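Everything below belongs to my_file_33.txt, which stores compact mmCIF, C-alpha atoms.
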```txt
# COMPACT_ATOMS: atom_id res chain seq x y z
CA MET T 162 36.83 23.46 64.70
CA LYS T 163 37.00 21.12 67.66
CA GLU T 164 39.76 21.80 70.11
CA LYS T 165 41.72 19.11 71.93
CA SER T 166 43.58 19.82 75.12
CA ILE T 167 46.29 22.21 74.01
CA SER T 168 49.52 22.80 75.91
CA LYS T 169 50.14 26.15 77.58
CA ALA T 170 53.26 26.69 75.49
CA VAL T 171 51.26 26.44 72.28
CA ILE T 172 48.61 28.83 73.59
CA LYS T 173 51.35 31.26 74.45
CA ARG T 174 52.65 31.17 70.89
CA LEU T 175 49.27 31.66 69.21
CA PRO T 176 49.09 35.45 69.81
CA LYS T 177 52.58 35.69 68.36
CA TYR T 178 51.51 33.89 65.18
CA TYR T 179 48.53 36.20 65.04
CA ARG T 180 50.77 39.26 65.34
CA TYR T 181 53.25 38.11 62.69
CA LEU T 182 50.45 37.22 60.28
CA GLY T 183 48.89 40.64 60.94
CA ASP T 184 52.21 42.27 60.04
CA LEU T 185 52.34 40.25 56.81
CA LEU T 186 48.81 41.38 55.93
CA GLU T 187 49.91 44.98 56.37
CA PHE T 188 52.54 44.32 53.70
CA ALA T 189 49.90 42.66 51.50
CA VAL T 190 51.58 39.25 51.68
CA GLU T 191 49.00 36.67 50.57
CA ARG T 192 50.72 33.39 51.27
CA ILE T 193 53.73 32.12 53.12
CA SER T 194 55.50 28.79 53.56
CA SER T 195 56.20 27.46 57.04
CA LYS T 196 59.89 27.85 56.14
CA GLU T 197 59.55 31.60 55.45
CA LEU T 198 57.37 32.12 58.50
CA SER T 199 59.88 30.22 60.62
CA GLU T 200 62.72 32.46 59.41
CA GLN T 201 60.82 35.58 60.36
CA MET T 202 59.67 34.32 63.73
CA LYS T 203 62.92 32.53 64.54
CA VAL T 204 61.21 29.28 65.43
CA THR T 205 61.65 26.02 63.54
CA SER T 206 59.23 25.27 60.72
CA SER T 207 58.49 21.89 62.26
CA GLN T 208 57.36 23.70 65.41
CA ILE T 209 55.03 25.89 63.36
CA ARG T 210 53.55 22.83 61.66
CA GLN T 211 53.17 21.00 64.96
CA ASP T 212 51.57 24.00 66.66
CA LEU T 213 49.05 24.53 63.90
CA ASN T 214 48.30 20.81 63.64
CA ASN T 215 46.78 21.11 67.11
CA PHE T 216 44.00 23.01 65.44
CA GLY T 217 43.72 20.84 62.36
CA GLY T 218 46.50 22.15 60.16
CA PHE T 219 45.64 24.99 57.71
CA GLY T 220 48.62 24.49 55.40
CA GLN T 221 48.52 22.99 51.92
CA GLN T 222 51.40 20.93 50.58
CA GLY T 223 53.30 22.96 48.00
CA TYR T 224 51.28 26.11 48.61
CA GLY T 225 52.04 27.05 52.19
CA TYR T 226 49.63 29.06 54.28
CA ASN T 227 47.03 31.51 53.09
CA VAL T 228 47.95 34.45 55.32
CA ARG T 229 44.50 36.02 55.59
CA TYR T 230 42.81 32.69 56.27
CA LEU T 231 45.36 31.59 58.86
CA HIS T 232 45.28 35.00 60.57
CA ASP T 233 41.51 34.95 60.83
CA GLU T 234 41.32 31.32 61.97
CA ILE T 235 43.88 31.91 64.73
CA GLY T 236 41.90 35.03 65.64
CA LYS T 237 38.81 32.84 66.05
CA ILE T 238 40.70 30.31 68.17
CA LEU T 239 41.81 33.20 70.40
CA GLY T 240 38.23 34.46 70.62
CA LEU T 241 39.08 37.69 68.81
CA ASN T 242 36.07 37.42 66.52
CA LYS T 243 33.85 38.44 69.43
CA ILE T 244 33.63 41.61 71.49
CA HIS T 245 34.73 41.10 75.11
CA ASN T 246 33.48 43.70 77.55
CA MET T 247 36.00 44.53 80.21
CA VAL T 248 36.08 46.57 83.43
CA ILE T 249 39.20 47.94 85.06
CA ILE T 250 39.29 47.89 88.85
CA GLY T 251 41.74 50.43 90.17
CA ALA T 252 41.77 53.74 88.32
CA GLY T 253 45.28 54.82 89.27
CA ASN T 254 47.99 55.48 86.72
CA LEU T 255 48.16 52.00 85.31
CA GLY T 256 44.38 51.55 85.25
CA GLN T 257 43.92 54.84 83.44
CA ALA T 258 46.73 54.06 81.00
CA LEU T 259 45.15 50.72 80.12
CA ALA T 260 41.75 52.40 79.69
CA ASN T 261 43.39 54.77 77.24
CA TYR T 262 44.95 51.99 75.19
CA ILE T 263 42.94 51.90 72.00
CA SER T 264 44.81 48.95 70.51
CA PHE T 265 43.02 46.55 72.88
CA GLU T 266 39.72 47.70 71.41
CA ARG T 267 40.92 46.83 67.94
CA SER T 268 41.28 43.21 69.07
CA GLY T 269 37.77 43.23 70.50
CA PHE T 270 38.60 43.99 74.15
CA ARG T 271 36.34 46.88 75.00
CA THR T 272 36.81 48.74 78.26
CA VAL T 273 33.29 49.66 79.31
CA GLY T 274 33.86 50.61 82.95
CA LEU T 275 36.51 51.93 85.30
CA PHE T 276 36.16 51.51 89.07
CA ASP T 277 37.92 52.73 92.17
CA VAL T 278 37.27 53.24 95.87
CA ASN T 279 38.77 56.73 96.04
CA PRO T 280 35.88 59.24 96.08
CA VAL T 281 38.18 61.93 94.66
CA LEU T 282 38.14 60.01 91.38
CA GLN T 283 34.36 59.73 91.18
CA ASP T 284 33.06 60.90 87.80
CA VAL T 285 36.51 61.77 86.49
CA THR T 286 36.38 60.46 82.92
CA VAL T 287 39.08 58.64 80.97
CA ARG T 288 38.52 58.49 77.22
CA GLY T 289 34.89 59.28 77.91
CA ILE T 290 34.52 56.52 80.52
CA PRO T 291 33.49 57.83 83.94
CA ILE T 292 35.24 56.39 86.99
CA ARG T 293 32.62 54.72 89.19
CA MET T 294 32.71 53.64 92.81
CA LEU T 295 32.93 49.95 93.69
CA ASP T 296 29.40 49.77 95.11
CA GLU T 297 28.03 50.15 91.59
CA LEU T 298 30.08 47.21 90.29
CA GLN T 299 27.59 44.36 90.67
CA GLU T 300 24.80 46.15 88.86
CA PHE T 301 27.17 47.40 86.18
CA ILE T 302 28.58 43.95 85.39
CA LYS T 303 25.11 42.54 84.90
CA GLU T 304 23.83 45.39 82.76
CA ASN T 305 26.90 45.59 80.54
CA LYS T 306 27.55 41.87 80.04
CA VAL T 307 31.09 42.24 81.38
CA GLU T 308 33.30 39.17 80.85
CA ILE T 309 36.78 40.27 81.91
CA ALA T 310 37.99 42.28 84.90
CA THR T 311 41.41 43.92 84.85
CA LEU T 312 42.89 44.35 88.31
CA THR T 313 45.23 47.30 88.70
CA LEU T 314 45.07 47.68 92.44
CA PRO T 315 47.37 47.06 95.40
CA LYS T 316 48.16 43.47 96.30
CA SER T 317 46.46 43.95 99.68
CA LYS T 318 43.08 44.55 97.98
CA ALA T 319 43.39 42.16 95.07
CA LYS T 320 42.20 38.89 96.66
CA GLU T 321 39.17 40.47 98.27
CA VAL T 322 38.09 42.22 95.06
CA ALA T 323 38.73 39.07 93.02
CA LYS T 324 36.36 37.10 95.24
CA LEU T 325 33.76 39.82 94.89
CA LEU T 326 34.12 39.68 91.11
CA LEU T 327 33.55 35.92 91.12
CA GLU T 328 30.38 36.41 93.13
CA TYR T 329 29.24 38.88 90.51
CA GLY T 330 29.77 36.28 87.79
CA ILE T 331 33.16 37.23 86.30
CA ARG T 332 35.22 34.20 85.16
CA ALA T 333 38.28 35.94 83.68
CA LEU T 334 40.78 38.14 85.50
CA TRP T 335 43.65 40.07 83.97
CA ASN T 336 45.74 40.66 87.05
CA PHE T 337 48.43 43.33 87.44
CA ALA T 338 48.53 43.18 91.26
CA HIS T 339 51.75 41.73 92.69
CA THR T 340 50.26 38.43 93.70
CA ASP T 341 49.51 35.14 91.95
CA LEU T 342 45.74 35.38 92.17
CA ASN T 343 45.13 31.98 90.59
CA LEU T 344 46.55 30.32 93.71
CA PHE T 345 43.65 31.65 95.81
CA LEU T 346 40.78 31.14 93.41
CA PRO T 347 38.79 28.14 92.16
CA ARG T 348 40.50 26.33 89.29
CA ASP T 349 37.82 27.21 86.78
CA VAL T 350 38.56 30.92 87.05
CA VAL T 351 40.75 32.05 84.19
CA VAL T 352 43.60 34.26 85.43
CA GLU T 353 46.40 35.89 83.49
CA ASN T 354 48.99 37.51 85.76
CA VAL T 355 51.11 40.36 84.42
CA HIS T 356 53.97 41.04 86.81
CA LEU T 357 55.74 44.08 85.39
CA SER T 358 58.31 44.27 88.20
CA GLU T 359 59.34 40.68 87.59
CA SER T 360 59.94 41.30 83.94
CA LEU T 361 62.14 44.26 84.91
CA MET T 362 64.04 42.03 87.36
CA GLN T 363 64.73 39.49 84.63
CA LEU T 364 66.08 42.29 82.50
CA SER T 365 68.29 43.39 85.35
CA TYR T 366 69.53 39.82 85.91
CA ASN T 367 70.45 39.47 82.26
CA LEU T 368 72.16 42.84 82.19
CA ASN T 369 74.14 41.83 85.27
CA SER T 370 75.28 38.55 83.72
CA TYR T 371 76.23 40.36 80.53
CA GLU T 372 78.36 42.81 82.46
CA GLU T 373 80.02 40.05 84.46
CA LYS T 374 80.78 38.07 81.34
CA HIS T 375 82.32 41.09 79.68
CA LYS T 376 83.99 42.30 82.86
CA ILE T 377 82.43 45.71 82.59
CA LYS T 378 83.26 47.75 85.63
CA LYS T 379 81.23 50.74 86.67
CA MET Q 140 78.96 34.02 94.10
CA LYS Q 141 80.03 32.65 90.70
CA GLU Q 142 77.19 32.05 88.28
CA LYS Q 143 77.03 29.13 85.88
CA SER Q 144 74.89 29.24 82.79
CA ILE Q 145 71.38 29.31 84.19
CA SER Q 146 68.31 28.28 82.24
CA LYS Q 147 65.74 30.89 81.26
CA ALA Q 148 63.05 29.06 83.21
CA VAL Q 149 65.03 29.39 86.44
CA ILE Q 150 65.69 33.08 85.81
CA LYS Q 151 61.99 33.55 85.27
CA ARG Q 152 61.23 32.01 88.65
CA LEU Q 153 63.79 34.04 90.63
CA PRO Q 154 61.69 37.23 90.83
CA LYS Q 155 58.82 35.09 92.05
CA TYR Q 156 60.95 33.65 94.88
CA TYR Q 157 62.02 37.18 95.67
CA ARG Q 158 58.39 38.34 95.86
CA TYR Q 159 57.25 35.45 98.06
CA LEU Q 160 60.18 35.91 100.39
CA GLY Q 161 59.42 39.63 100.55
CA ASP Q 162 55.84 38.79 101.54
CA LEU Q 163 57.14 36.49 104.29
CA LEU Q 164 59.37 39.26 105.58
CA GLU Q 165 56.35 41.54 105.81
CA PHE Q 166 54.82 38.94 108.11
CA ALA Q 167 58.05 38.75 110.11
CA VAL Q 168 58.67 35.12 109.13
CA GLU Q 169 62.35 34.38 109.87
CA ARG Q 170 62.84 30.93 108.44
CA ILE Q 171 61.01 28.54 106.16
CA SER Q 172 61.51 25.00 104.93
CA SER Q 173 61.49 24.24 101.23
CA LYS Q 174 58.33 22.20 101.94
CA GLU Q 175 56.47 25.19 103.40
CA LEU Q 176 57.70 27.50 100.66
CA SER Q 177 56.64 24.96 98.06
CA GLU Q 178 53.13 24.81 99.50
CA GLN Q 179 52.77 28.57 99.34
CA MET Q 180 54.20 28.93 95.85
CA LYS Q 181 52.56 25.77 94.51
CA VAL Q 182 55.78 24.41 93.07
CA THR Q 183 57.46 21.20 94.24
CA SER Q 184 60.05 21.47 97.00
CA SER Q 185 62.53 19.56 94.83
CA GLN Q 186 62.16 22.28 92.20
CA ILE Q 187 62.90 24.93 94.81
CA ARG Q 188 66.01 23.06 95.94
CA GLN Q 189 67.15 22.52 92.35
CA ASP Q 190 66.58 26.15 91.41
CA LEU Q 191 68.50 27.49 94.38
CA ASN Q 192 71.30 24.96 93.91
CA ASN Q 193 72.11 26.77 90.68
CA PHE Q 194 73.37 29.56 92.89
CA GLY Q 195 75.07 27.40 95.45
CA GLY Q 196 72.22 26.36 97.72
CA PHE Q 197 71.42 28.62 100.73
CA GLY Q 198 69.46 26.02 102.69
CA GLN Q 199 70.64 24.19 105.81
CA GLN Q 200 69.62 20.62 106.50
CA GLY Q 201 67.08 20.60 109.33
CA TYR Q 202 66.84 24.36 109.50
CA GLY Q 203 65.42 25.38 106.16
CA TYR Q 204 66.04 28.77 104.68
CA ASN Q 205 66.78 31.99 106.49
CA VAL Q 206 64.17 34.20 104.85
CA ARG Q 207 66.02 37.52 105.12
CA TYR Q 208 69.29 36.03 103.89
CA LEU Q 209 67.70 34.17 100.98
CA HIS Q 210 65.65 37.25 100.01
CA ASP Q 211 68.71 39.48 99.98
CA GLU Q 212 70.91 36.97 98.15
CA ILE Q 213 68.31 36.48 95.42
CA GLY Q 214 68.03 40.27 95.28
CA LYS Q 215 71.78 40.45 94.63
CA ILE Q 216 71.58 37.78 91.93
CA LEU Q 217 68.85 39.85 90.27
CA GLY Q 218 70.99 42.96 90.53
CA LEU Q 219 68.54 44.66 92.90
CA ASN Q 220 71.29 45.74 95.28
CA LYS Q 221 72.27 48.44 92.78
CA ILE Q 222 70.44 51.46 91.43
CA HIS Q 223 69.61 51.15 87.74
CA ASN Q 224 68.93 54.41 85.95
CA MET Q 225 66.23 54.12 83.35
CA VAL Q 226 64.77 56.31 80.62
CA ILE Q 227 61.34 55.88 79.09
CA ILE Q 228 61.05 56.56 75.37
CA GLY Q 229 57.49 57.40 74.41
CA ALA Q 230 55.65 59.61 76.89
CA GLY Q 231 52.13 58.58 75.93
CA ASN Q 232 49.71 57.00 78.38
CA LEU Q 233 51.70 53.88 79.06
CA GLY Q 234 55.03 55.71 79.27
CA GLN Q 235 53.59 58.21 81.73
CA ALA Q 236 51.95 55.47 83.78
CA LEU Q 237 55.24 53.59 84.08
CA ALA Q 238 57.01 56.82 85.06
CA ASN Q 239 54.45 57.23 87.83
CA TYR Q 240 54.96 53.70 89.17
CA ILE Q 241 56.86 54.18 92.40
CA SER Q 242 57.18 50.47 93.13
CA PHE Q 243 59.86 50.11 90.45
CA GLU Q 244 61.97 52.65 92.34
CA ARG Q 245 61.71 50.55 95.48
CA SER Q 246 63.49 47.73 93.63
CA GLY Q 247 66.21 50.11 92.47
CA PHE Q 248 64.86 50.95 89.01
CA ARG Q 249 64.92 54.72 88.90
CA THR Q 250 63.25 56.55 86.04
CA VAL Q 251 65.49 59.55 85.43
CA GLY Q 252 64.22 60.68 82.04
CA LEU Q 253 61.16 60.65 79.83
CA PHE Q 254 61.44 61.28 76.09
CA ASP Q 255 59.10 61.83 73.19
CA VAL Q 256 59.07 63.36 69.70
CA ASN Q 257 55.82 65.26 70.14
CA PRO Q 258 56.68 68.94 70.80
CA VAL Q 259 53.34 69.41 72.59
CA LEU Q 260 54.72 67.26 75.41
CA GLN Q 261 57.96 69.22 75.79
CA ASP Q 262 58.53 70.23 79.42
CA VAL Q 263 55.31 68.61 80.65
CA THR Q 264 56.41 66.94 83.87
CA VAL Q 265 55.44 63.54 85.23
CA ARG Q 266 56.24 63.00 88.91
CA GLY Q 267 58.67 65.89 88.63
CA ILE Q 268 60.39 64.45 85.56
CA PRO Q 269 60.22 66.79 82.54
CA ILE Q 270 59.47 65.23 79.15
CA ARG Q 271 62.40 65.89 76.83
CA MET Q 272 62.73 65.72 73.08
CA LEU Q 273 64.65 62.86 71.45
CA ASP Q 274 67.51 65.10 70.26
CA GLU Q 275 68.64 65.48 73.87
CA LEU Q 276 68.78 61.71 74.42
CA GLN Q 277 72.44 61.00 73.63
CA GLU Q 278 73.78 63.69 75.94
CA PHE Q 279 71.29 62.74 78.66
CA ILE Q 280 72.24 59.04 78.65
CA LYS Q 281 75.89 59.87 79.07
CA GLU Q 282 75.41 62.43 81.81
CA ASN Q 283 72.96 60.35 83.82
CA LYS Q 284 74.64 56.93 83.53
CA VAL Q 285 71.47 55.43 82.07
CA GLU Q 286 71.52 51.63 81.83
CA ILE Q 287 67.99 50.66 80.80
CA ALA Q 288 65.64 52.12 78.20
CA THR Q 289 61.93 51.40 78.34
CA LEU Q 290 60.24 51.56 74.95
CA THR Q 291 56.61 52.59 75.00
CA LEU Q 292 56.28 53.75 71.43
CA PRO Q 293 54.58 52.50 68.27
CA LYS Q 294 55.99 49.40 66.61
CA SER Q 295 56.84 51.46 63.51
CA LYS Q 296 59.32 53.57 65.49
CA ALA Q 297 60.68 50.93 67.86
CA LYS Q 298 63.44 49.37 65.72
CA GLU Q 299 64.86 52.70 64.68
CA VAL Q 300 64.92 54.07 68.23
CA ALA Q 301 66.38 50.81 69.55
CA LYS Q 302 69.29 51.10 67.13
CA LEU Q 303 69.85 54.68 68.20
CA LEU Q 304 69.88 53.60 71.85
CA LEU Q 305 72.55 50.97 71.12
CA GLU Q 306 74.68 53.62 69.46
CA TYR Q 307 74.32 55.69 72.59
CA GLY Q 308 75.61 52.81 74.69
CA ILE Q 309 72.41 51.27 76.12
CA ARG Q 310 72.58 47.46 76.49
CA ALA Q 311 69.19 46.73 78.09
CA LEU Q 312 65.76 47.36 76.59
CA TRP Q 313 62.41 46.88 78.28
CA ASN Q 314 60.18 46.75 75.25
CA PHE Q 315 56.41 47.34 75.21
CA ALA Q 316 56.18 47.94 71.44
CA HIS Q 317 54.34 45.19 69.54
CA THR Q 318 57.39 43.67 67.99
CA ASP Q 319 60.05 41.18 69.08
CA LEU Q 320 62.93 43.63 69.18
CA ASN Q 321 65.53 41.01 70.09
CA LEU Q 322 65.17 39.51 66.59
CA PHE Q 323 66.56 42.67 65.00
CA LEU Q 324 69.33 43.46 67.44
CA PRO Q 325 72.78 42.02 68.20
CA ARG Q 326 72.68 39.02 70.51
CA ASP Q 327 74.49 40.78 73.31
CA VAL Q 328 71.70 43.31 73.75
CA VAL Q 329 69.45 42.33 76.63
CA VAL Q 330 65.77 42.65 75.68
CA GLU Q 331 62.68 41.89 77.72
CA ASN Q 332 59.50 42.11 75.66
CA VAL Q 333 56.19 42.82 77.40
CA HIS Q 334 53.34 42.15 75.00
CA LEU Q 335 50.23 43.21 76.89
CA SER Q 336 47.86 42.42 74.02
CA GLU Q 337 49.17 38.88 73.82
CA SER Q 338 48.56 38.28 77.48
CA LEU Q 339 44.99 39.51 76.97
CA MET Q 340 44.60 37.14 74.00
CA GLN Q 341 45.71 34.18 76.12
CA LEU Q 342 43.11 35.17 78.67
CA SER Q 343 40.49 35.30 75.97
CA TYR Q 344 41.55 31.89 74.61
CA ASN Q 345 41.26 30.33 78.06
CA LEU Q 346 37.90 31.98 78.67
CA ASN Q 347 36.70 30.65 75.32
CA SER Q 348 37.81 27.09 76.09
CA TYR Q 349 36.18 27.30 79.51
CA GLU Q 350 32.90 28.39 77.97
CA GLU Q 351 33.05 25.65 75.34
CA LYS Q 352 33.81 23.01 77.92
CA HIS Q 353 30.91 24.13 80.08
CA LYS Q 354 28.67 24.75 77.10
CA ILE Q 355 27.92 28.28 78.18
CA LYS Q 356 25.80 29.99 75.60
CA LYS Q 357 25.60 33.74 75.32
```
Could the structure of this file be written out as C-alpha cells, please?
Amino acid sequence: MKEKSISKAVIKRLPKYYRYLGDLLEFAVERISSKELSEQMKVTSSQIRQDLNNFGGFGQQGYGYNVRYLHDEIGKILGLNKIHNMVIIGAGNLGQALANYISFERSGFRTVGLFDVNPVLQDVTVRGIPIRMLDELQEFIKENKVEIATLTLPKSKAKEVAKLLLEYGIRALWNFAHTDLNLFLPRDVVVENVHLSESLMQLSYNLNSYEEKHKIKK
Amino acid sequence: MKEKSISKAVIKRLPKYYRYLGDLLEFAVERISSKELSEQMKVTSSQIRQDLNNFGGFGQQGYGYNVRYLHDEIGKILGLNKIHNMVIIGAGNLGQALANYISFERSGFRTVGLFDVNPVLQDVTVRGIPIRMLDELQEFIKENKVEIATLTLPKSKAKEVAKLLLEYGIRALWNFAHTDLNLFLPRDVVVENVHLSESLMQLSYNLNSYEEKHKIKK
C-alpha cells in the first residue's frame, strides 16, 4: 500500500482505530459498518471513511469492514507487524516502570536495554534486563539493532543524550523529559513527546472550570 | 479573571506556555516579547497573542510580557495555585512510578493514597505512602478531600472502578487504562486519557514513513 502525505490528526487517530478493532476482535466481532464503529468511537462515520480512504479504503459497500483485516492492515500501517528494539535511557522510577510494561512488547516494542549514569544502578535487573552504564550505549545500539530510544531522564540531560543517540544512529525518540526535544534536533528525527505533567495540568484546568461553572466552594 | 468558553487547543497549549515561562524564570529572564517567546516555542507570535487574549491579555505594548506575572497568572488559570489531593488506583509498576514522581507535587498535585486489590501489596509503602485495599477507598476520599483519581489498572477493571469513584464524589480522572473512559461516563466528569501505547504507535508510524521515504532497507 502506497502512502500519501497523511495529516497528523489522522495519524493520531490510527492507534485508536487499532485499539477499538482489537476490542471487537476480543468479542469475536467479524464485521462492522462505519456507522456502528462511529457510534462506539463517538466520531462521525464520514470521518472514519475519510480517514481510512487515506490508505485506500478497506470497506465494501453493503458489507462494512472486515474487522480482522482492517485491524491487521492498520497494524501494518503503524509498523506493528515488525519488532522494534528499544532502549530506555534513565532507569529511575519511570524508566523502570516502562521497562516492566509487558503490553508494549505485545505490540512489537521490545525493550532490550536499560541505561543510566548512576553507578549504584549498575547490573540491577528489571524484568531480566540489566541496567547498563551510558558508556556501553554505542556498542549496544549497534549490536542489538536498536531503533527507538525512550528518554526518561531530567530535562537538563535530555538534549545532550539525544544528540549522542543521533550520532549512534537512532532516528526515533520517545521523550518523557520536560522539554520539546524536536525543537533542538534535525527535522528528520522522529520525536514523540509525552508530557505527563501537562496532561495533569489540563485535567486541573478542566476541574477548575467545572467547579466555577457549578459554583462549588471548597 | 472571568473565563469564557476556551477551545481545547488553547487549553492544551497553556501548560506549554507555563513550562517555557518556568524555564525563562530559571534563567532569571524578567520580560519577553511575544516575538521572542514565539521563536523559542516555535509558534507564531500572533497565536501567542490570540491565546493569551482569551484570558484578557497580559502583554503591554512596547514592553512585552512580565515573565513572572504571566507564569503565575497562567498557573492560576491552570489551578496550580491550589493543592490537589490525588489517589492512584492500581499500585502496579506504573502506579508506583507515578507515586514516586516528585515533580507532580511541585505543581501542587499531591499523591495522598495508593490503592490496589491485590492483598500481597497491602501495607507495602511507596515514598512513605502505604498501599491500601479498595474497600477503604470511600472513607479515605472523604477524609482526605481527594479531588483527582489516577487510574493505572487494566482496561477490564477501569469502567467499574471509575463508576465507583464517581459515587464517592470524585469528578476528575487521570486515566492510563487502555480505554476512552469519558465515553462511558457522564459529561460533567473531567477525564484526561493518557494512552502510552498509542503515542508509541505514532512514533512507529513516523519512523516507518521516514524509512520508506529514504528507502532504508533493513
Stretch 271-278 of chain Q: which residues within 10 Å, counting only C-alpha atoms, same-chain residues fewer than 6 positions away excluded, as a PDB file with C-alpha atoms, in the coordinates of the input?
```
ATOM      1  CA  VAL Q 226      64.770  56.310  80.620  1.00  0.00           C
ATOM      2  CA  ILE Q 228      61.050  56.560  75.370  1.00  0.00           C
ATOM      3  CA  GLY Q 229      57.490  57.400  74.410  1.00  0.00           C
ATOM      4  CA  ALA Q 230      55.650  59.610  76.890  1.00  0.00           C
ATOM      5  CA  GLY Q 252      64.220  60.680  82.040  1.00  0.00           C
ATOM      6  CA  LEU Q 253      61.160  60.650  79.830  1.00  0.00           C
ATOM      7  CA  PHE Q 254      61.440  61.280  76.090  1.00  0.00           C
ATOM      8  CA  ASP Q 255      59.100  61.830  73.190  1.00  0.00           C
ATOM      9  CA  VAL Q 256      59.070  63.360  69.700  1.00  0.00           C
ATOM     10  CA  ASN Q 257      55.820  65.260  70.140  1.00  0.00           C
ATOM     11  CA  PRO Q 258      56.680  68.940  70.800  1.00  0.00           C
ATOM     12  CA  LEU Q 260      54.720  67.260  75.410  1.00  0.00           C
ATOM     13  CA  GLN Q 261      57.960  69.220  75.790  1.00  0.00           C
ATOM     14  CA  ASP Q 262      58.530  70.230  79.420  1.00  0.00           C
ATOM     15  CA  VAL Q 263      55.310  68.610  80.650  1.00  0.00           C
ATOM     16  CA  THR Q 264      56.410  66.940  83.870  1.00  0.00           C
ATOM     17  CA  VAL Q 300      64.920  54.070  68.230  1.00  0.00           C
ATOM     18  CA  LEU Q 303      69.850  54.680  68.200  1.00  0.00           C
ATOM     19  CA  LEU Q 304      69.880  53.600  71.850  1.00  0.00           C
ATOM     20  CA  GLU Q 306      74.680  53.620  69.460  1.00  0.00           C
ATOM     21  CA  TYR Q 307      74.320  55.690  72.590  1.00  0.00           C
ATOM     22  CA  GLY Q 308      75.610  52.810  74.690  1.00  0.00           C
TER      23      GLY Q 308
END
```
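The interatomic distance for the pair atom CA of T:Gln363 and atom CA of T:Ser268 works out to 28.4 Å.
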Exercise. When you get a sec, could you note down which chain T residues fall within 6 Å of chain Q, using only C-alpha atoms, as a list in words?
Key: Pro176, Leu239, Gly240, Asn254, Leu255, Ala258, Glu353, Glu359, Leu364, Ser365 and Tyr366 of chain T
Quiz item: Which residues, written as number ranges by chain, have at least one atom at most 12 Å from Q:Val206, with only C-alpha atoms counted and residues fewer than 2 positions away on the same chain left out?
Solution: Q: 156-173, 175-176, 197-199, 202-204, 208-214
Self-check item: Atom pair atom CA of T:Leu314 / atom CA of Q:Leu290: separation (Å)
Solution: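 Separating atom CA of T:Leu314 from atom CA of Q:Leu290 is a distance of 23.5 Å.
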Specify the axis-aligned box that encloses all atoms of stretch 236-255 of chain T listed in the file after padding of 4 Å on each side, stating its centre and edge lengths in Å to one decimal as AutoDock Vina command-line options.
```
--center_x 40.8 --center_y 42.9 --center_z 77.9 --size_x 22.7 --size_y 33.2 --size_z 32.5
```
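Across the model, the gap from atom CA of Q:Ser295 to atom CA of Q:Phe315 is 12.4 Å.
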Quiz item: Can you list, as a list in words, every protein, DNA or RNA residue that comes within 10 Å of T:Leu346 when you count only C-alpha atoms, leaving out same-chain residues fewer than 6 positions away?
Solution: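 Surrounding residues, per the criterion: Lys320, Ala323, Lys324, Leu327 and Val352 of chain T.
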Self-check item: T:Asn242, T:Asn214, T:Thr272, T:Ser207 ranked by distance to T:Asn305, top pick (using all atoms listed in the file)
Solution: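 Nearest candidate to T:Asn305 out of T:Asn242, T:Asn214, T:Thr272, T:Ser207: T:Thr272.
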Quiz item: Which residue, T:Asn343, T:Asn246, T:Asn227, T:Asn336, has the smallest gap to T:Val307 when you use all atoms listed in the file?
Solution: T:Asn246
